[in-house]
Every structure is written in C-alpha cells, then in structure tokens.
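What follows is one structure encoded as structure tokens, with my remarks underneath.
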Amino acid sequence: MSALRPHQLGLCRACHQFIKPLERECPHCGANVLRAALDYQERHDMATRAAQDLNALLAELGLVSPHS
Ligand SMILES: [Zn+2]
C-alpha cells in the first residue's frame, strides 16, 4: 500500500481541501497555496500571541496561574 494518507498531503488554507504537498496552486479553488499558508500562519501566530498576552495580563492581575 503506497496510498497517501491525509497527513502526508498538503492542505489548502484557502478552501481547506487536501492537495499534493508540492502543489503551488490549489486545484480546488485556484489559490496560491504558499500565500494562503503564510496568511494562515500569520493569523495563527497573531492569535497565539494575543492569547499569551492575555494570559500574562491575567496572571499579573492574579486572576490565573501563570502556568495554566
Ligand atoms: Zn483551495
């Protein structure tokens, strides 16, 4: 069996369809896969930092444990 499993495939961050790992343009929605992935990563990082900042602020205020 050499069939690709889902985690070996890429994912188009624009339409959330599986694509071949080296695909540059999504065959489903035509998006630039790399650009869409970078945008997704940027938003994800921003959300992660915002959550960390919020947790730090809450910890500073003694509302949550810093290790939660
Ligand atoms: Zn797509």
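FYI, nothing fancy with the structure tokens labels: chains A, B, ... in order, residues from 1 per chain, ligands from 1 as they appear.
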
*Step by step, measure atom-to-atom distances between ligand 1 and each residue using only C-alpha atoms and all ligand atoms, keep those at most 6 Å, then write them as a PyMOL selection string.*
chain A and resi 12+14-15+17+26+28-31

*How would you write, as a PyMOL selection string, the set of residues in chain A that DSSP gives as strand (DSSP E)?*
chain A and resi 10-11+18-19

_At a cut-off of 9 Å, using only C-alpha atoms, what residues contact Arg13 of chain A? Leave out same-chain residues fewer than 6 positions from it and give the result as a PyMOL selection string._
chain A and resi 31+33-40

Atoms kept (N, CA and C atoms) for selection, written as a PDB file, in the first residue's frame:
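What landed in result-v1.pdb:
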```
ATOM      1  N   ALA A  31      -6.243  29.055  -5.382  1.00  0.00           N
ATOM      2  CA  ALA A  31      -5.474  29.963  -4.534  1.00  0.00           C
ATOM      3  C   ALA A  31      -3.987  29.658  -4.625  1.00  0.00           C
ATOM      4  N   VAL A  33      -1.170  28.510  -2.895  1.00  0.00           N
ATOM      5  CA  VAL A  33      -1.139  27.711  -1.673  1.00  0.00           C
ATOM      6  C   VAL A  33      -0.164  28.270  -0.645  1.00  0.00           C
ATOM      7  N   LEU A  34       1.025  28.698  -1.128  1.00  0.00           N
ATOM      8  CA  LEU A  34       2.037  29.221  -0.212  1.00  0.00           C
ATOM      9  C   LEU A  34       1.552  30.502   0.455  1.00  0.00           C
ATOM     10  N   ARG A  35       0.974  31.381  -0.367  1.00  0.00           N
ATOM     11  CA  ARG A  35       0.453  32.653   0.153  1.00  0.00           C
ATOM     12  C   ARG A  35      -0.643  32.394   1.195  1.00  0.00           C
ATOM     13  N   ALA A  36      -1.535  31.452   0.869  1.00  0.00           N
ATOM     14  CA  ALA A  36      -2.625  31.139   1.781  1.00  0.00           C
ATOM     15  C   ALA A  36      -2.087  30.554   3.083  1.00  0.00           C
ATOM     16  N   ALA A  37      -1.031  29.724   2.967  1.00  0.00           N
ATOM     17  CA  ALA A  37      -0.447  29.110   4.164  1.00  0.00           C
ATOM     18  C   ALA A  37       0.219  30.170   5.029  1.00  0.00           C
ATOM     19  N   LEU A  38       0.914  31.124   4.373  1.00  0.00           N
ATOM     20  CA  LEU A  38       1.578  32.185   5.127  1.00  0.00           C
ATOM     21  C   LEU A  38       0.553  33.067   5.836  1.00  0.00           C
ATOM     22  N   ASP A  39      -0.524  33.392   5.133  1.00  0.00           N
ATOM     23  CA  ASP A  39      -1.589  34.187   5.736  1.00  0.00           C
ATOM     24  C   ASP A  39      -2.165  33.475   6.949  1.00  0.00           C
ATOM     25  N   TYR A  40      -2.380  32.168   6.774  1.00  0.00           N
ATOM     26  CA  TYR A  40      -2.941  31.375   7.862  1.00  0.00           C
ATOM     27  C   TYR A  40      -1.994  31.396   9.052  1.00  0.00           C
TER      28      TYR A  40
END
```
